[in-house]
>>> print(open('protein00.cif').read())   # mmCIF, C-alpha atoms
data_final
#
loop_
_atom_site.group_PDB
_atom_site.id
_atom_site.type_symbol
_atom_site.label_atom_id
_atom_site.label_comp_id
_atom_site.auth_asym_id
_atom_site.auth_seq_id
_atom_site.Cartn_x
_atom_site.Cartn_y
_atom_site.Cartn_z
ATOM 1 C CA MET A 1 4.437 -17.354 13.544
ATOM 2 C CA GLN A 2 6.796 -18.332 10.751
ATOM 3 C CA GLN A 3 10.242 -16.866 11.309
ATOM 4 C CA VAL A 4 13.417 -16.670 9.257
ATOM 5 C CA ASN A 5 15.492 -15.542 12.227
ATOM 6 C CA PRO A 6 18.783 -15.149 10.345
ATOM 7 C CA GLU A 7 22.135 -15.030 12.098
ATOM 8 C CA PRO A 8 23.628 -11.531 12.147
ATOM 9 C CA ALA A 9 26.102 -11.004 9.321
ATOM 10 C CA GLN A 10 29.026 -8.694 8.801
ATOM 11 C CA VAL A 11 30.788 -7.553 5.647
ATOM 12 C CA GLU A 12 34.230 -7.982 7.187
ATOM 13 C CA GLY A 13 33.832 -11.676 7.940
ATOM 14 C CA ASN A 14 36.734 -12.041 10.394
ATOM 15 C CA ASN A 15 36.093 -8.936 12.457
ATOM 16 C CA LYS A 16 35.119 -10.269 15.894
ATOM 17 C CA LYS A 17 34.184 -6.845 17.228
ATOM 18 C CA ASP A 18 31.670 -6.364 14.411
ATOM 19 C CA LYS A 19 30.266 -9.836 14.993
ATOM 20 C CA LYS A 20 29.749 -9.133 18.681
ATOM 21 C CA LEU A 21 28.097 -5.800 17.972
ATOM 22 C CA ALA A 22 25.733 -7.264 15.356
ATOM 23 C CA LEU A 23 24.713 -10.031 17.731
ATOM 24 C CA LYS A 24 24.108 -7.565 20.561
ATOM 25 C CA VAL A 25 21.996 -5.309 18.333
ATOM 26 C CA LYS A 26 19.944 -8.291 17.179
ATOM 27 C CA ARG A 27 19.284 -9.387 20.768
ATOM 28 C CA ASP A 28 18.357 -5.835 21.785
ATOM 29 C CA ILE A 29 15.787 -5.505 19.004
ATOM 30 C CA GLN A 30 14.463 -9.016 19.480
ATOM 31 C CA SER A 31 13.730 -8.286 23.131
ATOM 32 C CA LEU A 32 10.959 -5.881 22.084
ATOM 33 C CA PRO A 33 7.561 -7.587 22.397
ATOM 34 C CA GLN A 34 6.117 -6.090 19.179
ATOM 35 C CA ILE A 35 8.823 -7.632 16.974
ATOM 36 C CA TYR A 36 9.185 -11.228 15.837
ATOM 37 C CA ASP A 37 11.954 -11.441 13.245
ATOM 38 C CA VAL A 38 15.195 -9.460 13.066
ATOM 39 C CA ALA A 39 18.019 -9.369 10.507
ATOM 40 C CA VAL A 40 21.219 -7.409 11.131
ATOM 41 C CA VAL A 41 23.903 -6.796 8.521
ATOM 42 C CA ARG A 42 26.999 -4.941 9.670
ATOM 43 C CA GLY A 43 28.853 -3.022 6.969
ATOM 44 C CA LYS A 44 32.133 -1.165 7.192
ATOM 45 C CA LYS A 45 30.473 2.036 8.408
ATOM 46 C CA ASP A 46 26.733 1.387 8.356
ATOM 47 C CA THR A 47 24.654 -1.240 10.068
ATOM 48 C CA LEU A 48 21.395 -2.391 8.517
ATOM 49 C CA VAL A 49 18.701 -3.437 10.971
ATOM 50 C CA VAL A 50 15.514 -4.945 9.537
ATOM 51 C CA TYR A 51 12.647 -6.363 11.533
ATOM 52 C CA LYS A 52 9.083 -7.618 11.176
ATOM 53 C CA VAL A 53 6.295 -6.248 13.354
ATOM 54 C CA LYS A 54 3.562 -8.467 14.790
ATOM 55 C CA HIS A 55 0.281 -7.998 12.982
ATOM 56 C CA MET A 56 -1.657 -6.380 15.826
ATOM 57 C CA HIS A 57 1.109 -3.805 16.319
ATOM 58 C CA ARG A 58 1.391 -2.763 12.682
ATOM 59 C CA MET A 59 -0.811 0.263 13.333
ATOM 60 C CA ARG A 60 2.033 1.685 15.419
ATOM 61 C CA MET A 61 4.872 1.021 12.950
ATOM 62 C CA LYS A 62 6.135 4.608 12.895
ATOM 63 C CA GLN A 63 6.261 4.828 16.679
ATOM 64 C CA ILE A 64 8.084 1.475 16.880
ATOM 65 C CA GLU A 65 10.665 2.684 14.324
ATOM 66 C CA LYS A 66 11.142 5.881 16.334
ATOM 67 C CA ASP A 67 11.585 3.903 19.562
ATOM 68 C CA ILE A 68 14.135 1.564 17.962
ATOM 69 C CA ASN A 69 16.089 4.478 16.495
ATOM 70 C CA LYS A 70 16.134 6.157 19.905
ATOM 71 C CA MET A 71 17.219 2.969 21.656
ATOM 72 C CA LEU A 72 20.044 2.296 19.175
ATOM 73 C CA GLU A 73 21.237 5.901 19.326
ATOM 74 C CA LYS A 74 21.319 5.704 23.120
ATOM 75 C CA ASN A 75 23.034 2.314 23.336
ATOM 76 C CA TYR A 76 25.473 2.730 20.437
ATOM 77 C CA PRO A 77 26.106 6.479 19.996
ATOM 78 C CA LYS A 78 29.114 6.017 17.707
ATOM 79 C CA GLU A 79 27.441 3.659 15.246
ATOM 80 C CA ASN A 80 25.480 4.558 12.129
ATOM 81 C CA PHE A 81 22.241 2.561 11.818
ATOM 82 C CA THR A 82 19.709 2.184 9.031
ATOM 83 C CA VAL A 83 16.495 0.860 10.499
ATOM 84 C CA SER A 84 13.634 -0.520 8.422
ATOM 85 C CA SER A 85 10.547 -2.688 8.760
ATOM 86 C CA ASP A 86 10.066 -2.979 4.997
ATOM 87 C CA PHE A 87 9.544 -6.503 3.694
ATOM 88 C CA LYS A 88 11.627 -5.866 0.566
ATOM 89 C CA ILE A 89 14.577 -4.704 2.651
ATOM 90 C CA PHE A 90 14.195 -7.834 4.788
ATOM 91 C CA ILE A 91 14.317 -10.058 1.692
ATOM 92 C CA GLU A 92 17.369 -8.183 0.398
ATOM 93 C CA ALA A 93 19.116 -8.505 3.779
ATOM 94 C CA ILE A 94 18.552 -12.287 3.812
ATOM 95 C CA GLU A 95 19.772 -12.523 0.213
ATOM 96 C CA LEU A 96 22.891 -10.522 1.069
ATOM 97 C CA LYS A 97 23.574 -12.677 4.117
ATOM 98 C CA ASP A 98 23.247 -15.866 2.023
ATOM 99 C CA LYS A 99 25.611 -14.441 -0.588
ATOM 100 C CA MET A 100 28.122 -13.450 2.069
ATOM 101 C CA GLU A 101 28.294 -17.036 3.267
ATOM 102 C CA ASN A 102 29.578 -17.961 -0.166
ATOM 103 C CA GLN A 103 33.398 -17.755 -0.209
ATOM 104 C CA SER A 104 33.559 -16.367 -3.758
ATOM 105 C CA TYR A 105 31.556 -13.266 -2.766
ATOM 106 C CA SER A 106 34.114 -10.586 -1.912
ATOM 107 C CA GLU A 107 33.889 -8.031 0.900
ATOM 108 C CA LYS A 108 33.852 -5.216 -1.651
ATOM 109 C CA GLU A 109 30.879 -6.706 -3.456
ATOM 110 C CA ALA A 110 29.065 -7.231 -0.163
ATOM 111 C CA GLU A 111 29.648 -3.618 0.915
ATOM 112 C CA GLU A 112 28.415 -2.363 -2.477
ATOM 113 C CA LYS A 113 25.281 -4.480 -2.205
ATOM 114 C CA LEU A 114 24.667 -3.260 1.344
ATOM 115 C CA GLN A 115 24.923 0.355 0.197
ATOM 116 C CA LYS A 116 22.441 -0.412 -2.594
ATOM 117 C CA VAL A 117 19.978 -1.864 -0.083
ATOM 118 C CA ILE A 118 20.351 1.187 2.157
ATOM 119 C CA GLU A 119 19.709 3.414 -0.861
ATOM 120 C CA LEU A 120 16.620 1.353 -1.710
ATOM 121 C CA LYS A 121 15.365 1.877 1.820
ATOM 122 C CA LYS A 122 15.681 5.626 1.425
ATOM 123 C CA ALA A 123 13.749 5.676 -1.898
ATOM 124 C CA MET A 124 10.370 7.336 -1.536
ATOM 125 C CA THR A 125 8.881 6.903 -5.026
ATOM 126 C CA MET B 1 -40.722 24.389 -6.115
ATOM 127 C CA GLY B 2 -44.424 23.816 -5.787
ATOM 128 C CA ARG B 3 -46.369 24.376 -2.647
ATOM 129 C CA LYS B 4 -46.232 21.603 -0.105
ATOM 130 C CA THR B 5 -49.718 20.336 0.461
ATOM 131 C CA SER B 6 -50.796 17.353 2.462
ATOM 132 C CA PRO B 7 -51.621 14.448 0.135
ATOM 133 C CA SER B 8 -55.266 13.875 -0.648
ATOM 134 C CA PRO B 9 -56.925 10.643 0.498
ATOM 135 C CA VAL B 10 -56.612 9.267 -3.042
ATOM 136 C CA GLU B 11 -52.904 10.071 -3.119
ATOM 137 C CA LYS B 12 -52.455 8.554 0.335
ATOM 138 C CA GLY B 13 -54.160 5.401 -0.779
ATOM 139 C CA TYR B 14 -51.953 5.217 -3.824
ATOM 140 C CA GLN B 15 -48.801 5.723 -1.736
ATOM 141 C CA GLU B 16 -49.862 2.891 0.580
ATOM 142 C CA LEU B 17 -50.559 0.655 -2.397
ATOM 143 C CA GLN B 18 -47.156 1.533 -3.852
ATOM 144 C CA LYS B 19 -45.437 0.808 -0.546
ATOM 145 C CA LYS B 20 -47.152 -2.573 -0.386
ATOM 146 C CA HIS B 21 -45.982 -3.632 -3.831
ATOM 147 C CA GLU B 22 -42.537 -2.013 -3.747
ATOM 148 C CA LEU B 23 -39.683 -4.516 -3.821
ATOM 149 C CA LYS B 24 -37.525 -4.260 -0.722
ATOM 150 C CA ARG B 25 -33.840 -3.629 -1.359
ATOM 151 C CA PRO B 26 -31.792 -6.588 -0.137
ATOM 152 C CA VAL B 27 -29.377 -4.313 1.754
ATOM 153 C CA PHE B 28 -27.692 -7.044 3.764
ATOM 154 C CA LYS B 29 -27.190 -9.273 0.727
ATOM 155 C CA ASN B 30 -25.769 -6.331 -1.227
ATOM 156 C CA CYS B 31 -23.365 -5.551 1.624
ATOM 157 C CA ILE B 32 -22.133 -9.145 1.729
ATOM 158 C CA ARG B 33 -21.619 -9.189 -2.035
ATOM 159 C CA ALA B 34 -19.799 -5.829 -1.970
ATOM 160 C CA PHE B 35 -17.617 -7.017 0.907
ATOM 161 C CA LEU B 36 -16.660 -10.269 -0.800
ATOM 162 C CA VAL B 37 -16.012 -8.866 -4.278
ATOM 163 C CA GLY B 38 -14.286 -5.729 -2.933
ATOM 164 C CA GLY B 39 -12.138 -7.934 -0.717
ATOM 165 C CA PHE B 40 -11.317 -10.202 -3.650
ATOM 166 C CA ILE B 41 -10.217 -7.200 -5.750
ATOM 167 C CA CYS B 42 -8.020 -6.008 -2.877
ATOM 168 C CA THR B 43 -6.517 -9.510 -2.538
ATOM 169 C CA ILE B 44 -5.556 -9.387 -6.217
ATOM 170 C CA GLY B 45 -4.026 -5.945 -5.559
ATOM 171 C CA GLN B 46 -2.044 -7.363 -2.627
ATOM 172 C CA ALA B 47 -0.795 -10.223 -4.810
ATOM 173 C CA ILE B 48 0.338 -7.728 -7.465
ATOM 174 C CA THR B 49 2.107 -5.684 -4.748
ATOM 175 C CA TYR B 50 4.024 -8.795 -3.634
ATOM 176 C CA PHE B 51 4.822 -9.582 -7.273
ATOM 177 C CA TYR B 52 6.436 -6.147 -7.647
ATOM 178 C CA ILE B 53 8.267 -6.497 -4.318
ATOM 179 C CA TYR B 54 9.670 -9.946 -5.149
ATOM 180 C CA TYR B 55 10.608 -9.494 -8.786
ATOM 181 C CA PHE B 56 11.399 -5.772 -9.086
ATOM 182 C CA ASP B 57 13.238 -3.184 -7.009
ATOM 183 C CA PHE B 58 10.138 -1.902 -5.245
ATOM 184 C CA THR B 59 9.808 -1.644 -1.501
ATOM 185 C CA GLU B 60 6.529 -1.960 0.422
ATOM 186 C CA GLN B 61 6.318 1.807 0.320
ATOM 187 C CA THR B 62 6.992 2.280 -3.396
ATOM 188 C CA ALA B 63 5.160 -0.788 -4.746
ATOM 189 C CA GLY B 64 1.817 1.025 -4.342
ATOM 190 C CA ASN B 65 2.247 3.157 -7.480
ATOM 191 C CA PRO B 66 2.777 0.347 -10.048
ATOM 192 C CA THR B 67 0.093 -1.720 -8.298
ATOM 193 C CA VAL B 68 -2.496 1.023 -8.705
ATOM 194 C CA ALA B 69 -1.498 1.499 -12.347
ATOM 195 C CA THR B 70 -1.784 -2.247 -13.016
ATOM 196 C CA MET B 71 -5.170 -2.545 -11.293
ATOM 197 C CA ILE B 72 -6.555 0.403 -13.290
ATOM 198 C CA PHE B 73 -5.189 -1.072 -16.517
ATOM 199 C CA LEU B 74 -6.747 -4.476 -15.781
ATOM 200 C CA SER B 75 -10.147 -2.951 -14.983
ATOM 201 C CA MET B 76 -9.956 -0.905 -18.191
ATOM 202 C CA LEU B 77 -9.371 -4.102 -20.175
ATOM 203 C CA LEU B 78 -12.212 -5.886 -18.376
ATOM 204 C CA THR B 79 -14.530 -2.932 -19.043
ATOM 205 C CA GLY B 80 -13.596 -2.986 -22.712
ATOM 206 C CA PHE B 81 -14.408 -6.702 -22.924
ATOM 207 C CA GLY B 82 -17.719 -6.128 -21.109
ATOM 208 C CA VAL B 83 -16.828 -8.236 -18.071
ATOM 209 C CA TYR B 84 -16.604 -5.459 -15.506
ATOM 210 C CA ASP B 85 -20.229 -4.416 -16.133
ATOM 211 C CA HIS B 86 -21.371 -7.810 -14.874
ATOM 212 C CA ILE B 87 -19.069 -7.584 -11.858
ATOM 213 C CA GLY B 88 -20.417 -4.086 -11.149
ATOM 214 C CA GLN B 89 -24.015 -5.261 -11.403
ATOM 215 C CA PHE B 90 -23.337 -8.132 -9.015
ATOM 216 C CA ALA B 91 -21.135 -6.364 -6.459
ATOM 217 C CA GLY B 92 -22.241 -2.711 -6.615
ATOM 218 C CA ALA B 93 -19.997 -0.591 -4.409
ATOM 219 C CA GLY B 94 -17.621 -3.543 -3.988
ATOM 220 C CA SER B 95 -16.456 -2.987 -7.565
ATOM 221 C CA ALA B 96 -16.791 0.819 -7.603
ATOM 222 C CA VAL B 97 -14.959 1.799 -4.422
ATOM 223 C CA PRO B 98 -11.560 0.152 -5.140
ATOM 224 C CA VAL B 99 -9.339 1.952 -7.626
ATOM 225 C CA THR B 100 -10.583 -0.411 -10.359
ATOM 226 C CA GLY B 101 -13.866 1.543 -10.329
ATOM 227 C CA PHE B 102 -11.907 4.559 -11.554
ATOM 228 C CA GLY B 103 -10.670 2.682 -14.642
ATOM 229 C CA ASN B 104 -14.176 1.427 -15.268
ATOM 230 C CA SER B 105 -15.676 4.926 -15.107
ATOM 231 C CA VAL B 106 -13.109 6.288 -17.605
ATOM 232 C CA ILE B 107 -13.523 3.546 -20.191
ATOM 233 C CA SER B 108 -17.296 3.145 -19.894
ATOM 234 C CA ALA B 109 -17.739 6.887 -20.559
ATOM 235 C CA ALA B 110 -15.359 6.628 -23.536
ATOM 236 C CA ILE B 111 -17.285 3.670 -24.986
ATOM 237 C CA GLU B 112 -20.623 5.385 -24.443
ATOM 238 C CA HIS B 113 -19.617 8.479 -26.405
ATOM 239 C CA ARG B 114 -17.613 6.754 -29.104
ATOM 240 C CA THR B 115 -20.300 7.434 -31.732
ATOM 241 C CA GLU B 116 -19.914 11.196 -31.247
ATOM 242 C CA GLY B 117 -16.390 11.158 -32.658
ATOM 243 C CA MET B 118 -12.903 10.779 -31.284
ATOM 244 C CA VAL B 119 -12.309 14.360 -30.131
ATOM 245 C CA LEU B 120 -15.676 15.733 -29.014
ATOM 246 C CA GLY B 121 -17.069 12.311 -28.175
ATOM 247 C CA VAL B 122 -14.361 10.190 -26.581
ATOM 248 C CA GLY B 123 -11.944 13.007 -25.708
ATOM 249 C CA GLY B 124 -14.592 15.362 -24.381
ATOM 250 C CA ASN B 125 -16.511 12.846 -22.318
ATOM 251 C CA MET B 126 -13.882 10.377 -21.191
ATOM 252 C CA PHE B 127 -13.475 12.079 -17.810
ATOM 253 C CA LYS B 128 -17.162 12.876 -17.381
ATOM 254 C CA LEU B 129 -17.361 10.638 -14.311
ATOM 255 C CA ALA B 130 -13.706 10.272 -13.342
ATOM 256 C CA GLY B 131 -13.130 14.030 -13.637
ATOM 257 C CA THR B 132 -14.797 14.649 -10.276
ATOM 258 C CA VAL B 133 -12.576 12.016 -8.648
ATOM 259 C CA LEU B 134 -9.484 13.695 -10.094
ATOM 260 C CA LEU B 135 -10.609 17.221 -9.246
ATOM 261 C CA PHE B 136 -11.553 16.564 -5.633
ATOM 262 C CA GLY B 137 -8.616 14.165 -5.180
ATOM 263 C CA VAL B 138 -6.108 16.786 -6.292
ATOM 264 C CA PHE B 139 -7.908 19.545 -4.367
ATOM 265 C CA SER B 140 -8.102 17.600 -1.096
ATOM 266 C CA ALA B 141 -4.449 16.505 -1.489
ATOM 267 C CA PHE B 142 -3.532 20.178 -1.904
ATOM 268 C CA ILE B 143 -5.458 21.155 1.232
ATOM 269 C CA VAL B 144 -3.897 18.328 3.289
ATOM 270 C CA ALA B 145 -0.401 19.226 2.015
ATOM 271 C CA LEU B 146 -1.035 22.882 2.887
ATOM 272 C CA VAL B 147 -2.157 22.022 6.419
ATOM 273 C CA ARG B 148 0.824 19.729 6.897
ATOM 274 C CA THR B 149 3.274 22.329 5.594
ATOM 275 C CA LEU B 150 1.843 24.969 7.926
ATOM 276 C CA LEU B 151 1.904 22.609 10.928
ATOM 277 C CA THR B 152 5.513 21.666 10.132
ATOM 278 C CA MET B 153 6.444 25.348 9.781
ATOM 279 C CA TRP B 154 4.893 26.124 13.170
ATOM 280 C CA GLY B 155 6.683 23.203 14.739
ATOM 281 C CA VAL B 156 3.552 21.247 15.672
ATOM 282 C CA LEU B 157 4.575 18.161 13.644
#
>>> encode(input="protein00.cif", output="structure tokens")
Amino acid sequence: MQQVNPEPAQVEGNNKKDKKLALKVKRDIQSLPQIYDVAVVRGKKDTLVVYKVKHMHRMRMKQIEKDINKMLEKNYPKENFTVSSDFKIFIEAIELKDKMENQSYSEKEAEEKLQKVIELKKAMT
Amino acid sequence: MGRKTSPSPVEKGYQELQKKHELKRPVFKNCIRAFLVGGFICTIGQAITYFYIYYFDFTEQTAGNPTVATMIFLSMLLTGFGVYDHIGQFAGAGSAVPVTGFGNSVISAAIEHRTEGMVLGVGGNMFKLAGTVLLFGVFSAFIVALVRTLLTMWGVL
């Protein structure tokens, strides 16, 4: 299966605690057998977690999202997560991560973009 | 309704003769055609969905609305140019069941009644076929929404 498997990214580039947390979240999600690609972007307050579900498990997408939410809430009770399996959100997360690697892209811009992606995830129509 | 009587020997003979000469419907062939053409239409729909996801701010969840609108618009154009009739004749249900069949039913009714004038002809008959789809679609959506609301209120969902 073709994977992007991006490194976890954080808005505050030098924050080691954030980096560690993002990496741990990514490993936690990746350990689930139904999932094959995970992107994690850590913002100042929110953390965006996007994943792809294996084809044969796509019938149970809602249950998988529920399970992930439960697991994250249990393991990281103080953190605020936005979980999505939407392909568009995945593309946006990769794009944001690529932009963040560019030195000229400021932390403020990155946080704004992350908030926009989270808003897009919440859109229903 | 007339009385049901057993067919006379002459009628029976005629029915047998008719059965002998009747062309058999190629059901399997029709199914294959419907499957292939219907699948092809859905593949185009999927491509349009990805187009909206990649180039516009639509998510997988929200890209359905513009995709449906685009597919209906395309089938309306194809009906107007007379292409969709051929597709319909070839594929049968394969072209009628996807949402493109809805666009076809609207425009074909409009074209058929064009000679009767714009208001009473086109306007009055445009939804002759598609009207039932709309009516029962809206009605069943209402019923489902009602059931869901009640179940949510009672704490089942």
>>> residues_around(input="protein00.cif", residues="segment 82-97 of chain A", least_positions_apart="2", cutoff="8 Å", atoms="only C-alpha atoms", output="ChimeraX atom specification")
/A:6,9,39-41,46-53,61,65,68-69,80,99-101,110,113-114,117-118,120-121 /B:53-54,58-61
>>> atom_distance(input="protein00.cif", atom1="atom CA of Glu12 of chain A", atom2="atom CA of Lys78 of chain A")
18.2 Å
>>> closest_residue(input="protein00.cif", among="B:Ala63, B:Val147, B:Met71, B:Cys31", to="chain A", atoms="all atoms listed in the file")
B:Ala63
>>> atom_distance(input="protein00.cif", atom1="atom CA of Gly94 of chain B", atom2="atom CA of Ile32 of chain B")
9.2 Å
>>> residues_around(input="protein00.cif", residues="segment 35-42 of chain B", least_positions_apart="3", cutoff="8 Å", atoms="all atoms listed in the file", output="list in words")
Cys31, Ile32, Gly45, Gln46, Ala91, Ala93, Gly94, Ser95, Val97 and Pro98 of chain B
>>> resolve_selection(input="protein00.cif", expression="the PyMOL selection byres ((chain B and resi 130-144) around 12)", output="VMD selection string")
chain B and resid 96 to 97 99 to 110 124 to 129 145 to 151
>>> atom_distance(input="protein00.cif", atom1="atom CA of Arg25 of chain B", atom2="atom CA of Gly88 of chain B")
16.6 Å
>>> axis_aligned_box(input="protein00.cif", around="segment 64-69 of chain A", padding_each_side="5 Å", output="AutoDock Vina command-line options")
--center_x 12.1 --center_y 3.7 --center_z 16.9 --size_x 18.0 --size_y 14.4 --size_z 15.2
>>> closest_residue(input="protein00.cif", among="A:Met124, A:Asp37, A:Gln115, A:Pro8", to="Leu23 of chain A", atoms="only C-alpha atoms")
A:Pro8
>>> build_atoms(input="protein00.cif", residues="segment 21-37 of chain A", atoms="N, CA and C atoms", output="mmCIF file, in the coordinates of the input")
data_model
loop_
_atom_site.group_PDB
_atom_site.id
_atom_site.type_symbol
_atom_site.label_atom_id
_atom_site.label_comp_id
_atom_site.auth_asym_id
_atom_site.auth_seq_id
_atom_site.Cartn_x
_atom_site.Cartn_y
_atom_site.Cartn_z
ATOM 1 N N LEU A 21 29.023 -6.935 18.014
ATOM 2 C CA LEU A 21 28.097 -5.800 17.972
ATOM 3 C C LEU A 21 26.795 -6.184 17.272
ATOM 4 N N ALA A 22 26.921 -6.863 16.125
ATOM 5 C CA ALA A 22 25.733 -7.264 15.356
ATOM 6 C C ALA A 22 24.837 -8.173 16.190
ATOM 7 N N LEU A 23 25.467 -9.093 16.899
ATOM 8 C CA LEU A 23 24.713 -10.031 17.731
ATOM 9 C C LEU A 23 23.994 -9.300 18.864
ATOM 10 N N LYS A 24 24.693 -8.326 19.445
ATOM 11 C CA LYS A 24 24.108 -7.565 20.561
ATOM 12 C C LYS A 24 22.911 -6.727 20.072
ATOM 13 N N VAL A 25 23.092 -6.118 18.901
ATOM 14 C CA VAL A 25 21.996 -5.309 18.333
ATOM 15 C C VAL A 25 20.781 -6.193 18.070
ATOM 16 N N LYS A 26 21.041 -7.362 17.494
ATOM 17 C CA LYS A 26 19.944 -8.291 17.179
ATOM 18 C C LYS A 26 19.190 -8.681 18.454
ATOM 19 N N ARG A 27 19.934 -8.992 19.503
ATOM 20 C CA ARG A 27 19.284 -9.387 20.768
ATOM 21 C C ARG A 27 18.481 -8.228 21.362
ATOM 22 N N ASP A 28 19.056 -7.017 21.259
ATOM 23 C CA ASP A 28 18.357 -5.835 21.785
ATOM 24 C C ASP A 28 17.004 -5.652 21.106
ATOM 25 N N ILE A 29 17.029 -5.741 19.766
ATOM 26 C CA ILE A 29 15.787 -5.505 19.004
ATOM 27 C C ILE A 29 14.797 -6.639 19.258
ATOM 28 N N GLN A 30 15.329 -7.853 19.303
ATOM 29 C CA GLN A 30 14.463 -9.016 19.480
ATOM 30 C C GLN A 30 13.755 -9.010 20.841
ATOM 31 N N SER A 31 14.333 -8.302 21.791
ATOM 32 C CA SER A 31 13.730 -8.286 23.131
ATOM 33 C C SER A 31 12.434 -7.479 23.158
ATOM 34 N N LEU A 32 12.203 -6.666 22.120
ATOM 35 C CA LEU A 32 10.959 -5.881 22.084
ATOM 36 C C LEU A 32 9.769 -6.813 21.820
ATOM 37 N N PRO A 33 8.677 -6.648 22.540
ATOM 38 C CA PRO A 33 7.561 -7.587 22.397
ATOM 39 C C PRO A 33 6.797 -7.454 21.079
ATOM 40 N N GLN A 34 6.894 -6.287 20.412
ATOM 41 C CA GLN A 34 6.117 -6.090 19.179
ATOM 42 C C GLN A 34 6.789 -6.727 17.958
ATOM 43 N N ILE A 35 8.025 -7.200 18.127
ATOM 44 C CA ILE A 35 8.823 -7.632 16.974
ATOM 45 C C ILE A 35 9.050 -9.144 17.009
ATOM 46 N N TYR A 36 9.020 -9.777 15.816
ATOM 47 C CA TYR A 36 9.185 -11.228 15.837
ATOM 48 C C TYR A 36 10.272 -11.766 14.912
ATOM 49 N N ASP A 37 10.895 -10.931 14.123
ATOM 50 C CA ASP A 37 11.954 -11.441 13.245
ATOM 51 C C ASP A 37 12.937 -10.308 12.979
#
